[in-house]
file work_18.csv (CSV, C-alpha atoms)
chain,number,residue,atom,x,y,z
A,1,MET,CA,-102.0,53.5,12.9
A,2,LYS,CA,-101.6,56.9,14.6
A,3,GLY,CA,-100.7,55.6,18.1
A,4,GLN,CA,-102.1,53.4,20.9
A,5,ARG,CA,-103.0,53.4,24.6
A,6,TYR,CA,-104.3,50.6,26.8
A,7,ILE,CA,-106.3,50.4,30.0
A,8,PRO,CA,-104.4,47.7,31.8
A,9,SER,CA,-105.9,45.4,34.4
A,10,PHE,CA,-108.0,47.2,37.0
A,11,TYR,CA,-107.9,44.4,39.6
A,12,ASN,CA,-106.8,46.8,42.4
A,13,GLU,CA,-108.6,50.0,41.3
A,14,PRO,CA,-110.5,51.2,44.5
A,15,ASP,CA,-113.6,52.3,42.5
A,16,TYR,CA,-113.9,48.8,40.8
A,17,ILE,CA,-113.5,47.0,44.1
A,18,ASP,CA,-116.1,49.2,45.8
A,19,LEU,CA,-118.5,48.6,42.9
A,20,MET,CA,-118.2,44.8,43.2
A,21,ALA,CA,-118.9,44.8,46.9
A,22,ARG,CA,-121.8,47.3,46.5
A,23,LEU,CA,-123.5,45.2,43.8
A,24,VAL,CA,-123.3,42.1,46.0
A,25,GLU,CA,-124.8,44.0,49.0
A,26,GLU,CA,-127.6,45.5,46.9
A,27,LYS,CA,-128.5,42.1,45.4
A,28,ILE,CA,-128.6,40.6,48.9
A,29,SER,CA,-130.8,43.3,50.3
A,30,ALA,CA,-133.1,43.1,47.2
A,31,GLU,CA,-133.5,39.3,47.0
A,32,LEU,CA,-132.2,37.5,50.0
A,33,ALA,CA,-132.1,39.6,53.1
A,34,GLN,CA,-135.8,39.1,53.9
A,35,ALA,CA,-135.5,35.3,54.1
A,36,TYR,CA,-132.0,34.6,55.2
A,37,LEU,CA,-129.6,35.8,58.0
A,38,PRO,CA,-126.3,37.2,56.8
A,39,SER,CA,-124.6,34.0,58.2
A,40,GLN,CA,-126.8,31.8,56.0
A,41,ILE,CA,-125.8,33.6,52.7
A,42,GLY,CA,-122.8,32.1,50.9
A,43,ILE,CA,-121.0,34.4,48.4
A,44,VAL,CA,-118.9,32.9,45.6
A,45,LEU,CA,-116.7,35.6,44.1
A,46,MET,CA,-115.9,34.3,40.6
A,47,ASN,CA,-112.6,34.7,38.8
A,48,HIS,CA,-111.3,33.6,35.5
A,49,GLY,CA,-109.6,30.2,36.0
A,50,CYS,CA,-105.8,30.1,35.5
A,51,PRO,CA,-103.5,27.2,34.7
A,52,HIS,CA,-100.7,27.0,37.3
A,53,LYS,CA,-98.1,26.4,34.6
A,54,ALA,CA,-98.3,28.9,31.8
A,55,LYS,CA,-95.1,28.5,29.7
A,56,GLY,CA,-93.3,31.2,31.6
A,57,PHE,CA,-96.1,33.8,31.2
A,58,THR,CA,-97.9,35.3,34.2
A,59,SER,CA,-101.3,33.7,34.1
A,60,GLY,CA,-103.1,36.2,36.3
A,61,ILE,CA,-103.4,34.2,39.5
A,62,THR,CA,-101.6,36.8,41.6
A,63,GLU,CA,-103.8,39.7,40.4
A,64,SER,CA,-107.0,37.6,40.6
A,65,GLN,CA,-106.3,36.4,44.1
A,66,ALA,CA,-105.5,40.0,45.2
A,67,MET,CA,-108.7,41.3,43.7
A,68,TYR,CA,-110.7,38.6,45.5
A,69,GLU,CA,-109.1,39.5,48.8
A,70,LEU,CA,-109.9,43.2,48.3
A,71,VAL,CA,-113.6,42.5,47.6
A,72,ARG,CA,-113.8,39.9,50.3
A,73,GLU,CA,-112.4,42.5,52.8
A,74,LYS,CA,-115.3,44.8,52.1
A,75,LEU,CA,-118.0,42.1,52.7
A,76,ILE,CA,-116.5,39.7,55.3
A,77,HIS,CA,-117.6,41.7,58.4
A,78,ARG,CA,-121.3,41.3,57.4
A,79,TYR,CA,-121.2,38.0,55.5
A,80,PRO,CA,-118.8,35.4,56.9
A,81,LEU,CA,-119.4,32.7,54.2
A,82,ILE,CA,-117.3,34.0,51.3
A,83,SER,CA,-115.2,31.9,48.9
A,84,ILE,CA,-113.3,32.5,45.7
A,85,GLY,CA,-114.5,30.4,42.8
A,86,TRP,CA,-112.5,29.9,39.7
A,87,LEU,CA,-114.2,29.3,36.4
A,88,ASN,CA,-111.8,26.8,34.9
A,89,HIS,CA,-111.6,25.3,31.5
A,90,ASP,CA,-111.8,21.6,32.3
A,91,THR,CA,-108.9,20.3,30.3
A,92,PRO,CA,-107.1,17.1,31.2
A,93,LEU,CA,-103.4,17.1,32.4
A,94,ILE,CA,-103.5,20.8,33.3
A,95,GLU,CA,-103.5,21.9,36.9
A,96,TRP,CA,-106.1,24.7,37.3
A,97,THR,CA,-106.7,27.1,40.2
A,98,GLN,CA,-108.9,25.8,43.0
A,99,PRO,CA,-111.5,25.7,44.3
A,100,ASP,CA,-113.6,25.8,41.1
A,101,VAL,CA,-117.0,27.4,41.3
A,102,ASN,CA,-118.9,24.1,41.9
A,103,GLN,CA,-116.5,23.1,44.8
A,104,ALA,CA,-116.6,26.6,46.3
A,105,ALA,CA,-120.4,26.6,46.4
A,106,SER,CA,-120.5,23.0,47.8
A,107,ASN,CA,-118.0,24.0,50.6
A,108,LEU,CA,-120.2,27.0,51.6
A,109,ILE,CA,-123.3,24.7,51.7
A,110,GLU,CA,-121.4,22.3,53.9
A,111,LEU,CA,-120.6,25.3,56.2
A,112,GLY,CA,-124.3,26.1,56.6
A,113,ALA,CA,-125.2,28.4,53.7
A,114,LYS,CA,-128.9,28.3,52.8
A,115,ALA,CA,-128.5,30.6,49.8
A,116,ILE,CA,-125.6,31.0,47.4
A,117,LEU,CA,-124.9,34.2,45.4
A,118,PHE,CA,-122.6,33.9,42.4
A,119,MET,CA,-120.8,37.2,41.6
A,120,PRO,CA,-118.4,37.5,38.7
A,121,ILE,CA,-115.6,39.8,39.8
A,122,GLY,CA,-112.8,38.7,37.4
A,123,PHE,CA,-115.0,39.4,34.3
A,124,ALA,CA,-116.0,42.8,33.2
A,125,THR,CA,-118.2,41.5,30.3
A,126,GLU,CA,-120.4,38.5,29.9
A,127,ASN,CA,-119.2,35.5,27.9
A,128,HIS,CA,-120.1,31.8,27.7
A,129,GLU,CA,-118.4,31.2,31.1
A,130,THR,CA,-120.3,33.7,33.1
A,131,LEU,CA,-123.6,32.9,31.3
A,132,LEU,CA,-123.6,29.2,30.4
A,133,ASP,CA,-121.0,27.6,32.7
A,134,VAL,CA,-122.4,29.3,35.8
A,135,HIS,CA,-125.9,28.3,34.7
A,136,HIS,CA,-124.9,24.6,34.3
A,137,ILE,CA,-123.1,24.7,37.7
A,138,ILE,CA,-126.2,26.0,39.4
A,139,HIS,CA,-128.3,23.4,37.7
A,140,ALA,CA,-126.1,20.6,38.9
A,141,LEU,CA,-126.0,22.0,42.4
A,142,ASP,CA,-129.8,22.4,42.4
A,143,ARG,CA,-130.1,18.7,41.6
A,144,LYS,CA,-128.1,17.8,44.7
A,145,HIS,CA,-129.3,20.5,47.0
A,146,SER,CA,-132.7,21.6,45.9
A,147,GLU,CA,-133.5,23.3,49.3
A,148,ILE,CA,-130.8,26.0,48.6
A,149,SER,CA,-131.6,29.3,46.9
A,150,TYR,CA,-129.2,30.2,44.0
A,151,VAL,CA,-128.7,33.7,42.7
A,152,GLN,CA,-126.6,34.3,39.5
A,153,MET,CA,-125.4,37.9,39.2
A,154,PRO,CA,-124.5,39.6,35.9
A,155,CYS,CA,-121.1,41.1,35.0
A,156,VAL,CA,-120.8,44.8,35.2
A,157,ASN,CA,-120.8,45.0,31.4
A,158,ASP,CA,-122.8,48.2,30.6
A,159,HIS,CA,-123.5,49.2,34.2
A,160,PRO,CA,-123.5,53.0,34.2
A,161,ASP,CA,-121.1,53.3,37.2
A,162,PHE,CA,-118.7,50.9,35.5
A,163,LEU,CA,-118.8,52.8,32.2
A,164,LYS,CA,-118.2,56.1,34.1
A,165,MET,CA,-115.1,54.8,35.9
A,166,ALA,CA,-113.7,53.1,32.7
A,167,ALA,CA,-114.1,56.5,30.9
A,168,GLN,CA,-112.2,58.1,33.8
A,169,TRP,CA,-109.3,55.6,33.3
A,170,ALA,CA,-109.4,56.2,29.6
A,171,ASN,CA,-109.5,60.0,29.6
A,172,PRO,CA,-105.8,60.7,30.5
A,173,GLN,CA,-104.7,58.1,28.0
A,174,ILE,CA,-106.8,59.7,25.3
A,175,GLU,CA,-105.3,63.2,26.2
A,176,ALA,CA,-101.8,61.8,26.1
A,177,LEU,CA,-102.5,60.2,22.7
A,178,LEU,CA,-103.8,63.4,21.2
A,179,GLY,CA,-100.8,65.3,22.4
A,180,GLU,CA,-98.3,62.8,20.8
A,181,GLU,CA,-96.7,62.7,17.4
A,182,SER,CA,-98.4,60.1,15.3
A,183,LEU,CA,-96.6,56.8,14.8
A,184,ALA,CA,-95.2,55.9,11.4
A,185,VAL,CA,-94.3,52.2,11.2
A,186,ASN,CA,-93.2,50.5,8.0
A,187,PRO,CA,-93.9,46.7,8.4
A,188,HIS,CA,-91.5,46.0,5.4
A,189,LEU,CA,-88.5,47.1,7.5
A,190,ALA,CA,-89.2,44.3,10.0
A,191,ALA,CA,-88.9,41.5,7.5
A,192,HIS,CA,-85.2,42.3,6.8
A,193,THR,CA,-83.8,43.2,10.2
A,194,HIS,CA,-83.2,39.6,11.3
A,195,HIS,CA,-80.5,39.1,8.5
A,196,HIS,CA,-78.1,41.4,10.3
A,197,HIS,CA,-76.0,39.4,12.7
A,198,HIS,CA,-73.1,41.2,14.2
A,199,HIS,CA,-70.4,38.8,15.7

call {"tool": "encode", "arguments": {"input": "work_18.csv", "output": "structure tokens"}}
result
Amino acid sequence: MKGQRYIPSFYNEPDYIDLMARLVEEKISAELAQAYLPSQIGIVLMNHGCPHKAKGFTSGITESQAMYELVREKLIHRYPLISIGWLNHDTPLIEWTQPDVNQAASNLIELGAKAILFMPIGFATENHETLLDVHHIIHALDRKHSEISYVQMPCVNDHPDFLKMAAQWANPQIEALLGEESLAVNPHLAAHTHHHHHH
């Protein structure tokens, strides 16, 4: 291993926030704007669900909530019906972030939404949650409220604008890495260090 660099969470990167809001607006104007008023379009901005108690680790709630607020701020003046929706792992005895995506969509329908758009903001790449879980949630909602239109949006995944901004975040890290001495680590040394107790 010659050295490492990471791109940390980009929950508050202005370019990422702008892209999330822009994709929502583009989707609405392409698929919903002709048939629905802005006040009839509910937007569920989906984050990765987090348990409230995480054995002392930060579970990501604070960052996810902050990201939601930043994206919401960009859209709220045009679209009043916006909710956070957490994609939780439904495990018993664990208190998860609320509202979950199903509850969020139901709340917006209750407030008068005639179309619901589901946008994953807390996932950069598709996985079973963004693909299958959201699909099942929409299916269940459609059984109860068949008069509502549902739009499931993809993750940014391989969107050219996202790839471009990720490359910009990576470039300075790559340069720093190339300018560094390479790391020499001997794993055998680690096995013996715990024997030295100095009292």

call {"tool": "closest_atom_pairs", "arguments": {"input": "work_18.csv", "of": "segment 94-127 of chain A", "to": "segment 9-31 of chain A", "cutoff": "8 Å", "atoms": "all atoms listed in the file", "output": "Markdown table"}}
result
| residue | atom | partner | partner_atom | distance |
| --- | --- | --- | --- | --- |
| A:Met119 | CA | A:Val24 | CA | 7.0 |
| A:Ile121 | CA | A:Met20 | CA | 6.6 |
| A:Gly122 | CA | A:Tyr11 | CA | 7.8 |

call {"tool": "closest_residue", "arguments": {"input": "work_18.csv", "among": "A:Ile43, A:Gly49, A:Ala104, A:Gln98", "to": "Met153 of chain A", "atoms": "only C-alpha atoms"}}
result
A:Ile43

call {"tool": "residues_around", "arguments": {"input": "work_18.csv", "residues": "Gly112 of chain A", "least_positions_apart": "6", "cutoff": "9 Å", "atoms": "all atoms listed in the file", "output": "list in words"}}
result
Ser39, Gln40, Ile41, Gly42 and Leu81 of chain A

call {"tool": "write_last_selection", "arguments": {"input": "work_18.csv", "atoms": "C-alpha atoms", "output": "JSON list (two decimals), in the coordinates of the input"}}
result
[["chain", "number", "residue", "atom", "x", "y", "z"],
["A", 39, "SER", "CA", -124.60, 34.00, 58.20],
["A", 40, "GLN", "CA", -126.80, 31.80, 56.00],
["A", 41, "ILE", "CA", -125.80, 33.60, 52.70],
["A", 42, "GLY", "CA", -122.80, 32.10, 50.90],
["A", 81, "LEU", "CA", -119.40, 32.70, 54.20]]

call {"tool": "atom_distance", "arguments": {"input": "work_18.csv", "atom1": "atom CA of Pro8 of chain A", "atom2": "atom CA of Leu70 of chain A"}}
result
18.0 Å

call {"tool": "atom_distance", "arguments": {"input": "work_18.csv", "atom1": "atom CA of Arg72 of chain A", "atom2": "atom CA of Met46 of chain A"}}
result
11.4 Å

call {"tool": "atom_distance", "arguments": {"input": "work_18.csv", "atom1": "atom CA of Leu117 of chain A", "atom2": "atom CA of Gln65 of chain A"}}
result
18.8 Å

call {"tool": "closest_residue", "arguments": {"input": "work_18.csv", "among": "A:His159, A:His135, A:His52, A:Arg5", "to": "Thr97 of chain A", "atoms": "only C-alpha atoms"}}
result
A:His52

call {"tool": "closest_residue", "arguments": {"input": "work_18.csv", "among": "A:Asn102, A:Gln4, A:Gln173, A:Thr125", "to": "Ile138 of chain A", "atoms": "only C-alpha atoms"}}
result
A:Asn102

call {"tool": "residues_around", "arguments": {"input": "work_18.csv", "residues": "Ile94 of chain A", "least_positions_apart": "5", "cutoff": "12 Å", "atoms": "all atoms listed in the file", "output": "PDB file with C-alpha atoms, in the frame of the given file"}}
result
ATOM      1  CA  GLY A  49    -109.600  30.200  36.000  1.00  0.00           C
ATOM      2  CA  CYS A  50    -105.800  30.100  35.500  1.00  0.00           C
ATOM      3  CA  PRO A  51    -103.500  27.200  34.700  1.00  0.00           C
ATOM      4  CA  HIS A  52    -100.700  27.000  37.300  1.00  0.00           C
ATOM      5  CA  LYS A  53     -98.100  26.400  34.600  1.00  0.00           C
ATOM      6  CA  ALA A  54     -98.300  28.900  31.800  1.00  0.00           C
ATOM      7  CA  LYS A  55     -95.100  28.500  29.700  1.00  0.00           C
ATOM      8  CA  ASN A  88    -111.800  26.800  34.900  1.00  0.00           C
ATOM      9  CA  HIS A  89    -111.600  25.300  31.500  1.00  0.00           C
TER      10      HIS A  89
END

call {"tool": "residues_around", "arguments": {"input": "work_18.csv", "residues": "Asp90 of chain A", "least_positions_apart": "5", "cutoff": "10 Å", "atoms": "only C-alpha atoms", "output": "mmCIF file with C-alpha atoms, in the frame of the given file"}}
result
data_model
loop_
_atom_site.group_PDB
_atom_site.id
_atom_site.type_symbol
_atom_site.label_atom_id
_atom_site.label_comp_id
_atom_site.auth_asym_id
_atom_site.auth_seq_id
_atom_site.Cartn_x
_atom_site.Cartn_y
_atom_site.Cartn_z
ATOM 1 C CA GLY A 49 -109.600 30.200 36.000
ATOM 2 C CA GLU A 95 -103.500 21.900 36.900
ATOM 3 C CA TRP A 96 -106.100 24.700 37.300
ATOM 4 C CA ASP A 100 -113.600 25.800 41.100
#

call {"tool": "closest_residue", "arguments": {"input": "work_18.csv", "among": "A:Thr91, A:Ser146, A:Thr130, A:Asn171", "to": "Ile116 of chain A", "atoms": "only C-alpha atoms"}}
result
A:Ser146

call {"tool": "closest_residue", "arguments": {"input": "work_18.csv", "among": "A:Ala113, A:Ile174, A:Leu45, A:Leu132", "to": "Ile148 of chain A", "atoms": "all atoms listed in the file"}}
result
A:Ala113

call {"tool": "residues_near_point", "arguments": {"input": "work_18.csv", "point": "(-112.9, 32.3, 52.0)", "cutoff": "9 Å", "atoms": "only C-alpha atoms", "output": "PDB file with C-alpha atoms, in the frame of the given file"}}
result
ATOM      1  CA  VAL A  44    -118.900  32.900  45.600  1.00  0.00           C
ATOM      2  CA  GLU A  69    -109.100  39.500  48.800  1.00  0.00           C
ATOM      3  CA  ARG A  72    -113.800  39.900  50.300  1.00  0.00           C
ATOM      4  CA  ILE A  76    -116.500  39.700  55.300  1.00  0.00           C
ATOM      5  CA  PRO A  80    -118.800  35.400  56.900  1.00  0.00           C
ATOM      6  CA  LEU A  81    -119.400  32.700  54.200  1.00  0.00           C
ATOM      7  CA  ILE A  82    -117.300  34.000  51.300  1.00  0.00           C
ATOM      8  CA  SER A  83    -115.200  31.900  48.900  1.00  0.00           C
ATOM      9  CA  ILE A  84    -113.300  32.500  45.700  1.00  0.00           C
ATOM     10  CA  ALA A 104    -116.600  26.600  46.300  1.00  0.00           C
TER      11      ALA A 104
END

call {"tool": "residues_around", "arguments": {"input": "work_18.csv", "residues": "Gly3 of chain A", "least_positions_apart": "5", "cutoff": "12 Å", "atoms": "all atoms listed in the file", "output": "number ranges by chain"}}
result
A: 173-174, 176-185

call {"tool": "closest_residue", "arguments": {"input": "work_18.csv", "among": "A:Leu93, A:Ala105, A:Ala166, A:Leu111", "to": "Ser149 of chain A", "atoms": "only C-alpha atoms"}}
result
A:Ala105
